[in-house]
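*Asks:* Sending over data-v8.txt (compact mmCIF, C-alpha atoms (C1' of nucleotides)).
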```
# COMPACT_ATOMS: atom_id res chain seq x y z
CA MET A 1 -4.93 43.69 -31.68
CA THR A 2 -7.07 46.35 -33.29
CA SER A 3 -4.99 49.43 -32.43
CA SER A 4 -3.62 51.28 -35.42
CA ARG A 5 -0.02 51.03 -34.17
CA ARG A 6 0.40 47.29 -33.82
CA VAL A 7 3.86 46.05 -32.90
CA LEU A 8 4.73 42.53 -33.93
CA SER A 9 6.63 40.13 -31.76
CA THR A 10 8.61 37.08 -32.72
CA ALA A 11 6.87 33.72 -32.52
CA GLU A 12 9.50 32.55 -30.05
CA ALA A 13 8.85 35.45 -27.67
CA ARG A 14 5.11 34.88 -27.97
CA ARG A 15 5.54 31.25 -27.13
CA GLU A 16 7.31 32.23 -23.92
CA GLU A 17 4.50 34.60 -23.04
CA VAL A 18 1.92 31.94 -23.73
CA ILE A 19 3.74 29.47 -21.51
CA ALA A 20 3.87 31.98 -18.67
CA ALA A 21 0.19 32.80 -19.02
CA ALA A 22 -0.80 29.17 -19.43
CA ARG A 23 1.16 28.19 -16.35
CA HIS A 24 -1.06 30.44 -14.33
CA VAL A 25 -4.46 29.47 -15.71
CA VAL A 26 -3.72 25.76 -16.07
CA ALA A 27 -2.46 25.71 -12.47
CA ALA A 28 -6.04 26.34 -11.39
CA ARG A 29 -8.01 23.66 -13.21
CA GLY A 30 -5.53 21.44 -15.00
CA TYR A 31 -5.32 19.90 -18.43
CA HIS A 32 -8.91 18.78 -18.92
CA GLY A 33 -10.36 21.66 -16.93
CA THR A 34 -8.79 24.59 -18.77
CA PRO A 35 -10.17 25.52 -22.21
CA THR A 36 -7.71 26.73 -24.82
CA ALA A 37 -9.82 29.87 -25.23
CA GLU A 38 -9.01 30.79 -21.65
CA ILE A 39 -5.30 30.23 -22.20
CA ALA A 40 -5.39 32.42 -25.31
CA ARG A 41 -7.24 35.16 -23.45
CA ALA A 42 -4.75 35.03 -20.58
CA ALA A 43 -1.88 35.29 -23.06
CA GLY A 44 -3.54 38.19 -24.86
CA ILE A 45 -3.67 36.50 -28.25
CA SER A 46 -6.40 34.98 -30.39
CA GLN A 47 -7.28 31.33 -30.05
CA ALA A 48 -6.41 30.91 -33.72
CA TYR A 49 -2.88 32.11 -33.12
CA LEU A 50 -2.50 29.94 -30.05
CA PHE A 51 -2.99 26.98 -32.35
CA ARG A 52 -0.39 28.26 -34.74
CA LEU A 53 2.10 28.55 -31.88
CA PHE A 54 1.30 25.09 -30.49
CA PRO A 55 -0.19 22.43 -32.78
CA THR A 56 -2.49 20.89 -30.16
CA LYS A 57 -3.56 21.46 -26.59
CA LEU A 58 -1.67 18.33 -25.59
CA GLU A 59 1.54 19.60 -27.15
CA LEU A 60 1.22 22.85 -25.24
CA PHE A 61 0.63 20.97 -22.02
CA LEU A 62 3.71 18.84 -22.61
CA VAL A 63 5.85 21.95 -23.03
CA LEU A 64 4.29 23.30 -19.85
CA THR A 65 5.14 20.07 -18.03
CA GLU A 66 8.73 20.19 -19.19
CA ASP A 67 9.04 23.81 -18.18
CA CYS A 68 7.55 23.07 -14.78
CA PHE A 69 10.10 20.38 -13.96
CA ASP A 70 12.86 22.68 -15.23
CA ARG A 71 11.81 25.32 -12.75
CA VAL A 72 11.73 22.96 -9.81
CA ALA A 73 15.13 21.50 -10.74
CA ASP A 74 16.57 25.02 -11.05
CA THR A 75 15.16 26.05 -7.70
CA PHE A 76 16.81 23.04 -6.09
CA THR A 77 20.17 23.47 -7.77
CA GLN A 78 20.31 27.13 -6.83
CA ALA A 79 19.31 26.45 -3.23
CA ALA A 80 21.99 23.75 -2.98
CA ALA A 81 24.62 26.07 -4.45
CA ARG A 82 23.75 28.82 -1.99
CA ALA A 83 23.88 26.32 0.85
CA ARG A 84 27.27 25.00 -0.12
CA ALA A 85 28.62 28.55 -0.41
CA ALA A 86 27.34 29.25 3.11
CA GLY A 87 28.67 25.96 4.47
CA GLU A 88 25.19 24.54 5.16
CA GLU A 89 23.47 21.23 4.40
CA PRO A 90 22.29 21.15 0.75
CA LEU A 91 19.38 18.77 1.48
CA VAL A 92 18.02 21.05 4.16
CA ALA A 93 18.40 24.04 1.88
CA MET A 94 16.53 22.27 -0.90
CA GLY A 95 13.82 21.42 1.58
CA MET A 96 13.53 25.09 2.43
CA ALA A 97 13.26 25.78 -1.27
CA TYR A 98 9.82 24.20 -1.19
CA GLU A 99 8.72 27.29 0.64
CA GLU A 100 9.82 29.44 -2.28
CA LEU A 101 7.77 27.21 -4.54
CA LEU A 102 4.81 27.38 -2.17
CA ALA A 103 4.96 31.14 -2.35
CA ASP A 104 4.51 30.93 -6.11
CA ARG A 105 1.81 28.23 -5.90
CA ASP A 106 1.47 27.97 -9.70
CA VAL A 107 4.41 25.63 -10.18
CA LEU A 108 3.33 23.36 -7.35
CA LEU A 109 -0.23 23.17 -8.63
CA LEU A 110 0.84 22.65 -12.19
CA GLN A 111 2.94 19.77 -11.00
CA LEU A 112 -0.07 18.24 -9.29
CA HIS A 113 -2.01 18.57 -12.52
CA THR A 114 0.66 16.84 -14.51
CA TYR A 115 0.25 13.84 -12.19
CA ALA A 116 -3.51 14.02 -12.50
CA ALA A 117 -3.29 14.00 -16.30
CA ALA A 118 -0.80 11.15 -16.34
CA ASP A 119 -3.38 8.76 -17.73
CA GLU A 120 -2.43 10.20 -21.12
CA PRO A 121 0.67 8.22 -22.10
CA ARG A 122 2.72 11.13 -23.39
CA ILE A 123 2.07 13.13 -20.23
CA ARG A 124 2.89 10.12 -18.08
CA ASN A 125 6.14 9.77 -19.91
CA ALA A 126 7.03 13.42 -19.44
CA VAL A 127 6.27 13.11 -15.73
CA ARG A 128 8.46 10.04 -15.40
CA ARG A 129 11.36 11.71 -17.17
CA GLY A 130 10.90 14.84 -15.11
CA TYR A 131 10.95 12.88 -11.91
CA ALA A 132 13.95 10.82 -12.94
CA ARG A 133 15.80 14.08 -13.44
CA LEU A 134 14.65 15.60 -10.14
CA VAL A 135 15.69 12.56 -8.14
CA ASP A 136 19.01 12.65 -9.91
CA VAL A 137 19.57 16.33 -9.21
CA VAL A 138 18.68 16.07 -5.54
CA ARG A 139 20.80 12.99 -5.05
CA ARG A 140 23.77 14.54 -6.78
CA GLU A 141 23.50 17.89 -5.00
CA SER A 142 22.88 16.47 -1.55
CA GLY A 143 24.50 13.05 -1.48
CA ALA A 144 21.44 11.85 0.46
CA ASP A 145 20.69 8.12 0.68
CA ASP A 146 17.56 6.45 -0.68
CA ALA A 147 15.51 6.73 2.52
CA GLN A 148 16.30 10.44 2.83
CA LEU A 149 15.44 10.99 -0.82
CA GLN A 150 12.11 9.26 -0.42
CA MET A 151 11.24 11.46 2.55
CA PHE A 152 12.36 14.53 0.65
CA PHE A 153 10.05 13.83 -2.26
CA ALA A 154 7.25 12.65 0.01
CA VAL A 155 7.24 16.03 1.72
CA GLY A 156 7.29 17.66 -1.69
CA MET A 157 4.14 15.83 -2.71
CA LEU A 158 2.53 16.85 0.53
CA MET A 159 3.29 20.47 -0.32
CA ASN A 160 1.46 20.04 -3.64
CA VAL A 161 -1.63 18.88 -1.83
CA VAL A 162 -1.33 21.58 0.81
CA ALA A 163 -1.26 24.11 -2.01
CA ALA A 164 -4.23 22.52 -3.76
CA MET A 165 -6.52 22.50 -0.74
CA ARG A 166 -5.13 25.85 0.44
CA ALA A 167 -4.44 24.41 3.85
CA ASP A 168 -2.65 27.65 4.72
CA GLU A 169 -6.02 29.39 4.78
CA VAL A 170 -7.34 26.94 7.35
CA ASP A 171 -6.64 27.62 10.99
CA GLU A 172 -7.05 24.13 12.41
CA PRO A 173 -4.69 21.60 13.99
CA TRP A 174 -4.77 19.11 11.10
CA ALA A 175 -3.69 21.83 8.68
CA LYS A 176 -0.79 22.74 10.93
CA VAL A 177 0.29 19.09 11.01
CA LEU A 178 0.49 18.95 7.23
CA MET A 179 2.24 22.29 6.76
CA HIS A 180 4.71 22.54 9.62
CA GLN A 181 7.96 22.07 7.68
CA GLY A 182 9.48 18.75 8.70
CA LYS A 183 11.18 19.97 11.86
CA MET B 1 -33.21 -2.31 -20.54
CA THR B 2 -35.25 -3.65 -23.40
CA SER B 3 -35.51 -7.28 -22.33
CA SER B 4 -39.07 -8.42 -21.67
CA ARG B 5 -38.25 -9.61 -18.13
CA ARG B 6 -36.82 -6.45 -16.66
CA VAL B 7 -36.01 -6.51 -12.97
CA LEU B 8 -36.11 -3.20 -11.19
CA SER B 9 -33.71 -2.20 -8.50
CA THR B 10 -34.10 0.35 -5.74
CA ALA B 11 -32.68 3.80 -6.35
CA GLU B 12 -30.45 3.37 -3.32
CA ALA B 13 -28.91 0.16 -4.64
CA ARG B 14 -28.41 1.75 -8.04
CA ARG B 15 -26.69 4.69 -6.47
CA GLU B 16 -24.20 2.34 -4.84
CA GLU B 17 -23.55 0.63 -8.16
CA VAL B 18 -23.05 3.97 -9.86
CA ILE B 19 -20.58 5.05 -7.20
CA ALA B 20 -18.60 1.85 -7.61
CA ALA B 21 -18.53 2.19 -11.38
CA ALA B 22 -17.76 5.90 -11.23
CA ARG B 23 -14.92 5.32 -8.82
CA HIS B 24 -13.23 3.23 -11.44
CA VAL B 25 -13.68 5.44 -14.48
CA VAL B 26 -13.14 8.74 -12.67
CA ALA B 27 -9.93 7.34 -11.17
CA ALA B 28 -8.47 7.41 -14.66
CA ARG B 29 -9.13 10.94 -15.85
CA GLY B 30 -10.65 12.87 -12.98
CA TYR B 31 -13.52 15.26 -12.61
CA HIS B 32 -13.08 17.39 -15.72
CA GLY B 33 -11.73 14.53 -17.80
CA THR B 34 -14.53 12.02 -17.35
CA PRO B 35 -17.81 12.58 -19.22
CA THR B 36 -21.03 11.62 -17.50
CA ALA B 37 -21.92 9.45 -20.47
CA GLU B 38 -18.91 7.29 -19.70
CA ILE B 39 -19.91 6.99 -16.06
CA ALA B 40 -23.43 5.97 -17.07
CA ARG B 41 -22.11 3.39 -19.50
CA ALA B 42 -19.77 1.95 -16.87
CA ALA B 43 -22.68 1.73 -14.43
CA GLY B 44 -24.89 0.08 -17.01
CA ILE B 45 -27.63 2.69 -16.90
CA SER B 46 -28.78 5.47 -19.21
CA GLN B 47 -27.32 8.93 -18.89
CA ALA B 48 -30.82 10.23 -18.23
CA TYR B 49 -31.18 8.01 -15.19
CA LEU B 50 -27.73 8.94 -13.94
CA PHE B 51 -29.03 12.48 -13.68
CA ARG B 52 -32.08 11.37 -11.79
CA LEU B 53 -29.87 9.54 -9.29
CA PHE B 54 -27.48 12.49 -8.90
CA PRO B 55 -28.69 16.00 -9.70
CA THR B 56 -25.40 17.22 -11.21
CA LYS B 57 -21.98 15.88 -12.10
CA LEU B 58 -20.52 17.95 -9.27
CA GLU B 59 -22.88 16.41 -6.74
CA LEU B 60 -21.89 12.92 -7.88
CA PHE B 61 -18.24 13.82 -7.60
CA LEU B 62 -18.77 15.12 -4.08
CA VAL B 63 -20.36 11.83 -3.04
CA LEU B 64 -17.44 10.04 -4.67
CA THR B 65 -15.00 12.18 -2.72
CA GLU B 66 -16.76 11.49 0.55
CA ASP B 67 -16.84 7.77 -0.18
CA CYS B 68 -13.15 7.80 -1.08
CA PHE B 69 -12.09 9.31 2.24
CA ASP B 70 -14.41 6.87 4.02
CA ARG B 71 -12.60 3.97 2.43
CA VAL B 72 -9.16 5.23 3.36
CA ALA B 73 -10.25 5.93 6.92
CA ASP B 74 -11.76 2.44 7.18
CA THR B 75 -8.62 0.82 5.82
CA PHE B 76 -6.57 2.63 8.46
CA THR B 77 -8.88 1.85 11.37
CA GLN B 78 -9.00 -1.80 10.44
CA ALA B 79 -5.23 -2.04 10.03
CA ALA B 80 -4.73 -0.37 13.41
CA ALA B 81 -7.21 -2.73 15.06
CA ARG B 82 -5.47 -5.77 13.59
CA ALA B 83 -2.11 -4.41 14.75
CA ARG B 84 -3.30 -3.81 18.27
CA ALA B 85 -4.76 -7.33 18.42
CA ALA B 86 -1.37 -8.71 17.33
CA GLY B 87 0.55 -6.46 19.72
CA GLU B 88 2.19 -4.45 16.93
CA GLU B 89 2.67 -0.74 16.23
CA PRO B 90 -0.57 0.77 14.82
CA LEU B 91 1.28 3.50 12.86
CA VAL B 92 3.45 0.95 11.10
CA ALA B 93 0.41 -1.18 10.33
CA MET B 94 -1.42 1.81 8.87
CA GLY B 95 1.65 2.55 6.79
CA MET B 96 1.52 -0.98 5.44
CA ALA B 97 -2.13 -0.40 4.67
CA TYR B 98 -1.03 1.95 1.91
CA GLU B 99 0.07 -1.14 0.07
CA GLU B 100 -3.48 -2.49 0.18
CA LEU B 101 -4.64 0.79 -1.26
CA LEU B 102 -1.91 0.71 -3.90
CA ALA B 103 -3.12 -2.70 -4.94
CA ASP B 104 -6.56 -1.24 -5.63
CA ARG B 105 -5.14 1.87 -7.33
CA ASP B 106 -8.59 3.39 -7.91
CA VAL B 107 -8.92 4.87 -4.44
CA LEU B 108 -5.45 6.42 -4.52
CA LEU B 109 -5.99 7.88 -7.96
CA LEU B 110 -9.41 9.17 -7.08
CA GLN B 111 -7.88 10.88 -4.09
CA LEU B 112 -5.32 12.54 -6.33
CA HIS B 113 -8.13 13.76 -8.56
CA THR B 114 -10.02 15.24 -5.66
CA TYR B 115 -6.96 17.37 -4.94
CA ALA B 116 -6.63 18.30 -8.58
CA ALA B 117 -10.26 19.44 -8.69
CA ALA B 118 -9.97 21.38 -5.45
CA ASP B 119 -10.19 24.69 -7.28
CA GLU B 120 -13.95 24.16 -7.13
CA PRO B 121 -14.89 25.45 -3.66
CA ARG B 122 -17.24 22.65 -2.73
CA ILE B 123 -14.69 20.02 -3.67
CA ARG B 124 -11.97 21.88 -1.79
CA ASN B 125 -14.20 21.90 1.24
CA ALA B 126 -14.88 18.18 0.99
CA VAL B 127 -11.16 17.51 0.70
CA ARG B 128 -10.40 19.62 3.75
CA ARG B 129 -13.04 17.87 5.82
CA GLY B 130 -11.84 14.50 4.60
CA TYR B 131 -8.28 15.28 5.55
CA ALA B 132 -9.25 16.67 8.91
CA ARG B 133 -10.92 13.37 9.62
CA LEU B 134 -8.02 11.26 8.36
CA VAL B 135 -5.47 13.12 10.45
CA ASP B 136 -7.76 12.71 13.40
CA VAL B 137 -8.20 8.98 12.87
CA VAL B 138 -4.50 8.31 12.43
CA ARG B 139 -3.57 10.41 15.43
CA ARG B 140 -6.17 8.73 17.60
CA GLU B 141 -5.33 5.20 16.47
CA SER B 142 -1.55 5.59 16.65
CA GLY B 143 -0.88 8.27 19.23
CA ALA B 144 1.82 9.58 16.88
CA ASP B 145 3.17 13.11 17.33
CA ASP B 146 2.88 15.90 14.76
CA ALA B 147 6.18 15.19 13.03
CA GLN B 148 5.35 11.52 12.66
CA LEU B 149 1.91 12.37 11.35
CA GLN B 150 3.34 14.71 8.76
CA MET B 151 5.71 12.03 7.52
CA PHE B 152 2.89 9.50 7.45
CA PHE B 153 0.73 11.67 5.22
CA ALA B 154 3.69 12.80 3.15
CA VAL B 155 4.41 9.18 2.23
CA GLY B 156 0.72 8.75 1.49
CA MET B 157 0.81 11.58 -1.02
CA LEU B 158 3.89 10.07 -2.57
CA MET B 159 1.97 6.84 -3.06
CA ASN B 160 -0.73 8.74 -4.94
CA VAL B 161 1.84 10.07 -7.36
CA VAL B 162 3.57 6.72 -7.68
CA ALA B 163 0.20 5.25 -8.63
CA ALA B 164 -0.50 8.05 -11.11
CA MET B 165 2.76 7.75 -13.01
CA ARG B 166 2.73 3.95 -12.62
CA ALA B 167 6.23 4.03 -11.22
CA ASP B 168 5.87 0.33 -10.44
CA GLU B 169 6.05 -0.38 -14.17
CA VAL B 170 9.38 1.42 -14.42
CA ASP B 171 12.52 -0.50 -13.63
CA GLU B 172 14.87 2.36 -12.84
CA PRO B 173 16.62 3.53 -9.66
CA TRP B 174 14.56 6.71 -9.24
CA ALA B 175 11.35 4.68 -9.28
CA LYS B 176 12.72 2.39 -6.59
CA VAL B 177 13.60 5.41 -4.47
CA LEU B 178 10.02 6.64 -4.58
CA MET B 179 8.38 3.27 -3.97
CA HIS B 180 10.59 1.55 -1.43
CA GLN B 181 8.29 1.67 1.60
CA GLY B 182 9.87 4.00 4.18
CA LYS B 183 12.23 1.45 5.71
C1' DA C 1 -57.65 -5.55 -11.18
C1' DT C 2 -56.07 -1.19 -10.87
C1' DG C 3 -53.95 3.26 -9.74
C1' DG C 4 -50.13 5.41 -8.14
C1' DA C 5 -45.36 5.60 -6.94
C1' DG C 6 -41.01 4.44 -8.41
C1' DT C 7 -37.50 2.65 -11.96
C1' DG C 8 -35.83 3.45 -16.28
C1' DT C 9 -35.09 5.27 -21.21
C1' DG C 10 -34.69 7.41 -26.33
C1' DA C 11 -34.31 11.32 -28.19
C1' DG C 12 -33.46 15.46 -27.67
C1' DT C 13 -31.37 20.83 -26.53
C1' DA C 14 -28.18 24.23 -25.84
C1' DT C 15 -23.83 25.27 -24.89
C1' DG C 16 -18.77 24.46 -24.88
C1' DC C 17 -14.93 22.76 -26.94
C1' DA C 18 -10.62 21.85 -29.92
C1' DC C 19 -9.27 23.08 -33.97
C1' DT C 20 -9.50 25.43 -39.03
C1' DC C 21 -9.95 28.72 -42.84
C1' DA C 22 -9.53 32.69 -45.31
C1' DC C 23 -7.97 36.59 -44.70
C1' DT C 24 -5.33 41.32 -43.06
C1' DC C 25 -1.54 43.77 -41.57
C1' DA C 26 3.49 44.64 -40.31
C1' DC C 27 8.12 44.25 -41.45
C1' DT C 28 12.37 43.21 -44.48
C1' DG C 29 15.36 42.78 -48.48
C1' DT C 30 16.08 44.39 -52.86
C1' DA D 1 8.25 50.82 -54.52
C1' DC D 2 6.91 46.69 -53.72
C1' DA D 3 7.02 41.50 -53.39
C1' DG D 4 7.46 38.10 -50.12
C1' DT D 5 7.38 36.30 -45.47
C1' DG D 6 5.71 35.90 -41.12
C1' DA D 7 2.55 37.76 -37.18
C1' DG D 8 -1.99 37.86 -36.08
C1' DT D 9 -7.23 37.43 -36.24
C1' DG D 10 -12.80 36.99 -36.91
C1' DA D 11 -15.69 33.93 -37.89
C1' DG D 12 -16.50 29.77 -38.34
C1' DT D 13 -16.98 23.89 -38.19
C1' DG D 14 -18.21 19.82 -36.30
C1' DC D 15 -18.36 17.15 -32.50
C1' DA D 16 -18.71 16.33 -27.32
C1' DT D 17 -20.89 17.36 -23.19
C1' DA D 18 -24.06 18.41 -19.23
C1' DC D 19 -28.46 18.21 -18.53
C1' DT D 20 -33.89 17.68 -19.80
C1' DC D 21 -38.41 15.96 -21.27
C1' DA D 22 -41.98 13.06 -22.46
C1' DC D 23 -42.96 8.80 -22.02
C1' DA D 24 -42.91 3.44 -20.81
C1' DC D 25 -42.68 -0.28 -17.86
C1' DT D 26 -42.75 -2.68 -13.15
C1' DC D 27 -44.12 -3.35 -8.72
C1' DC D 28 -47.12 -3.20 -4.84
C1' DA D 29 -51.03 -1.67 -1.78
C1' DT D 30 -55.57 -1.79 -1.77
```
Could you take the file, read its structure, and then write that structure out as structure tokens?
*Replies:*
Amino acid sequence: MTSSRRVLSTAEARREEVIAAARHVVAARGYHGTPTAEIARAAGISQAYLFRLFPTKLELFLVLTEDCFDRVADTFTQAAARARAAGEEPLVAMGMAYEELLADRDVLLLQLHTYAAADEPRIRNAVRRGYARLVDVVRRESGADDAQLQMFFAVGMLMNVVAAMRADEVDEPWAKVLMHQGK
Amino acid sequence: MTSSRRVLSTAEARREEVIAAARHVVAARGYHGTPTAEIARAAGISQAYLFRLFPTKLELFLVLTEDCFDRVADTFTQAAARARAAGEEPLVAMGMAYEELLADRDVLLLQLHTYAAADEPRIRNAVRRGYARLVDVVRRESGADDAQLQMFFAVGMLMNVVAAMRADEVDEPWAKVLMHQGK
DNA sequence: ATGGAGTGTGAGTATGCACTCACTCACTGT
DNA sequence: ACAGTGAGTGAGTGCATACTCACACTCCAT
């Protein structure tokens, strides 16, 4: 900032802002494809300060990964809770929740990029832990059996890809096949 | 080459070798994550010659993408043909064919990386065309309806992710849920 | 045998990148 | 009032990366 009336923030608040901004830019081109300078610009801070907030690009990406799985888990738990309150099937409600996520796009794409960067051992580990938790949450909330769970997550992965190739912008039969929500 | 008895190849043959080598190294870290120097080294040629064979890194990646979808389509057609000859269900046989692909790993991972790089318009376009063709092939070979097709491709996407996080190396219930082949 | 087309390279260039350093400015407690 | 702490940055550093250029060697048609 160069304005004469600069207002300081706390590092913790800044970190949150950076994560939010990074989520958006990293969703587009992923870990290897997004320069830290772009993340800093999106967050409205200097690159130098970005590196004070997060020691390395990898560390930032790991936080982003964690946060991404948190969001998906939260979306599912909330959808299941609403469903139970309304006397509906939790698994179906969680399935519908994919549409909420699709509307956002960033979380879905970020998730895809965490898989793509999983060659890096620490990222792979974060992805595994994240998935372990997701499977656990969905199983607990829905009581679904293994086959149902597999289908549930399979459709989820498909939604990632649909988001990545922007199949919703394509008006052709094959795109409809991929998007038409499991019913 | 510096050996006194150098044997020249044709550019076309070299291109094939480069694609094979690139498939393997790019499968690990994707478009943005794999330097052209590494591809050249893997192919056993100089970086300079790599750029004579393919005008840009993007152009090489597009060829790789095309080739990747070709391979998947071929695997499916062959599996379906075998199934029909043995009087079995083509869709089931094509599902099994995912296991062949999983064994290779490179093709599945490369596919994942094409999705991850789909922010680049030309890659996105190649992915869309590739998918259009795959859906077409599977529909034609199996006669499956839209819902079945969606499930088929959903499980395919799940296999990509399973390959990326190497879920097969994890001995935990959630990993079994994801991998246990749809039955 | 030789010239021309085609295969192949060593040694660059220019830009991009993750990360650092030395510093300034805002706020807080005394 | 001012010292000390923490927020924040401009201007780098050094290395990696995509891509190029001038040149060498091989093969083959004549």
*Asks:* Give me, as a PyMOL selection string, the contact residues of chain D against chain A at a cut-off of 9 Å, counting all atoms listed in the file.
*Replies:* chain D and resi 6-9
*Asks:* May I have the protein, DNA and RNA residues with any atom at most 9 Å from the point (-35.2, 13.5, -27.1), counting all atoms listed in the file, written as an mmCIF file with C-alpha atoms (C1' of nucleotides), keeping the file's coordinate frame?
*Replies:*
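And here is the file that came out, selection.cif:
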```
data_model
loop_
_atom_site.group_PDB
_atom_site.id
_atom_site.type_symbol
_atom_site.label_atom_id
_atom_site.label_comp_id
_atom_site.auth_asym_id
_atom_site.auth_seq_id
_atom_site.Cartn_x
_atom_site.Cartn_y
_atom_site.Cartn_z
ATOM 1 C "C1'" DG C 10 -34.690 7.410 -26.330
ATOM 2 C "C1'" DA C 11 -34.310 11.320 -28.190
ATOM 3 C "C1'" DG C 12 -33.460 15.460 -27.670
ATOM 4 C "C1'" DT C 13 -31.370 20.830 -26.530
ATOM 5 C "C1'" DT D 20 -33.890 17.680 -19.800
ATOM 6 C "C1'" DC D 21 -38.410 15.960 -21.270
ATOM 7 C "C1'" DA D 22 -41.980 13.060 -22.460
#
```
*Asks:* Check every residue of chain B for an atom within 6 Å of chain A, counting only C-alpha atoms, and provide those that qualify as a PDB file with C-alpha atoms, keeping the file's coordinate frame.
*Replies:*
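Everything below was put into out_12.pdb:
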```
ATOM      1  CA  HIS B  32     -13.080  17.390 -15.720  1.00  0.00           C
ATOM      2  CA  GLY B  33     -11.730  14.530 -17.800  1.00  0.00           C
ATOM      3  CA  TYR B 115      -6.960  17.370  -4.940  1.00  0.00           C
ATOM      4  CA  ALA B 118      -9.970  21.380  -5.450  1.00  0.00           C
ATOM      5  CA  ARG B 124     -11.970  21.880  -1.790  1.00  0.00           C
ATOM      6  CA  ALA B 132      -9.250  16.670   8.910  1.00  0.00           C
ATOM      7  CA  ASP B 146       2.880  15.900  14.760  1.00  0.00           C
ATOM      8  CA  GLN B 150       3.340  14.710   8.760  1.00  0.00           C
ATOM      9  CA  ALA B 154       3.690  12.800   3.150  1.00  0.00           C
ATOM     10  CA  VAL B 155       4.410   9.180   2.230  1.00  0.00           C
ATOM     11  CA  MET B 157       0.810  11.580  -1.020  1.00  0.00           C
ATOM     12  CA  LEU B 158       3.890  10.070  -2.570  1.00  0.00           C
ATOM     13  CA  ALA B 164      -0.500   8.050 -11.110  1.00  0.00           C
ATOM     14  CA  MET B 165       2.760   7.750 -13.010  1.00  0.00           C
ATOM     15  CA  TRP B 174      14.560   6.710  -9.240  1.00  0.00           C
ATOM     16  CA  VAL B 177      13.600   5.410  -4.470  1.00  0.00           C
ATOM     17  CA  LEU B 178      10.020   6.640  -4.580  1.00  0.00           C
TER      18      LEU B 178
END
```
*Asks:* If we count only C-alpha atoms (C1' of nucleotides) and set the cut-off at 9 Å, which residues sit around Ala42 in chain A, ignoring sequence neighbours fewer than 5 positions away in its own chain? Please answer as a CSV table (one decimal) with C-alpha atoms, in the frame of the given file.
*Replies:*
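Wrote around.csv, looks like this:
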```csv
chain,number,residue,atom,x,y,z
A,18,VAL,CA,1.9,31.9,-23.7
A,21,ALA,CA,0.2,32.8,-19.0
A,22,ALA,CA,-0.8,29.2,-19.4
A,24,HIS,CA,-1.1,30.4,-14.3
A,25,VAL,CA,-4.5,29.5,-15.7
A,37,ALA,CA,-9.8,29.9,-25.2
```
*Asks:* Please indicate the distance in Å from CA of Ala144 in chain B to CA of Val107 in chain B, rounded to one decimal place.
*Replies:* 24.3 Å
*Asks:* Taking a cut-off of 10 Å and counting all atoms listed in the file, can you build a table that, for each residue of chain C near chain A, reports the nearest atom pair and how far apart they are in Å (one decimal), sorted by chain then residue number, as JSON lines?
*Replies:*
```
{"residue": "C:DG16", "atom": "C1'", "partner": "A:Pro35", "partner_atom": "CA", "distance": 9.1}
{"residue": "C:DC17", "atom": "C1'", "partner": "A:Pro35", "partner_atom": "CA", "distance": 7.3}
{"residue": "C:DA18", "atom": "C1'", "partner": "A:Thr36", "partner_atom": "CA", "distance": 7.6}
{"residue": "C:DC19", "atom": "C1'", "partner": "A:Phe51", "partner_atom": "CA", "distance": 7.6}
{"residue": "C:DT20", "atom": "C1'", "partner": "A:Ala48", "partner_atom": "CA", "distance": 8.2}
{"residue": "C:DC25", "atom": "C1'", "partner": "A:Arg6", "partner_atom": "CA", "distance": 8.7}
{"residue": "C:DA26", "atom": "C1'", "partner": "A:Leu8", "partner_atom": "CA", "distance": 6.8}
{"residue": "C:DC27", "atom": "C1'", "partner": "A:Leu8", "partner_atom": "CA", "distance": 8.4}
```
*Asks:* With distances taken over only C-alpha atoms, which of A:Val63, A:Ala86, A:Ala79, A:Ala43 is nearest to Glu99 in chain A?
*Replies:*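 For Glu99 in chain A, the nearest of the given residues is A:Ala79.
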*Asks:* So that all listed atoms of range 12-22 of chain D fit with 5 Å spare on each side, what axis-aligned box centre and edge lengths in Å, to one decimal, would you give as JSON?
*Replies:*
```
{"center_x": -29.2, "center_y": 21.4, "center_z": -28.4, "size_x": 35.5, "size_y": 26.7, "size_z": 29.8}
```
*Asks:* So how far away is CA of Leu64 in chain B from C1' of DC19 in chain D, in Å?
*Replies:*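 Separating C1' of DC19 in chain D from CA of Leu64 in chain B is a distance of 19.5 Å.
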*Asks:* In Å, with one decimal, what is the gap from CA of Arg84 in chain A to CA of Leu108 in chain A?
*Replies:*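 Going from CA of Arg84 in chain A over to CA of Leu108 in chain A, I get 25.1 Å.
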*Asks:* I'd like the neighbourhood of Asp67 in chain A as an NGL selection string, where a residue qualifies if any of its atoms comes within 10 Å (using only C-alpha atoms (C1' of nucleotides)), though same-chain residues fewer than 5 positions away should be ignored.
*Replies:* :A and (19-20 or 23 or 61-62 or 72-73 or 107 or 130)
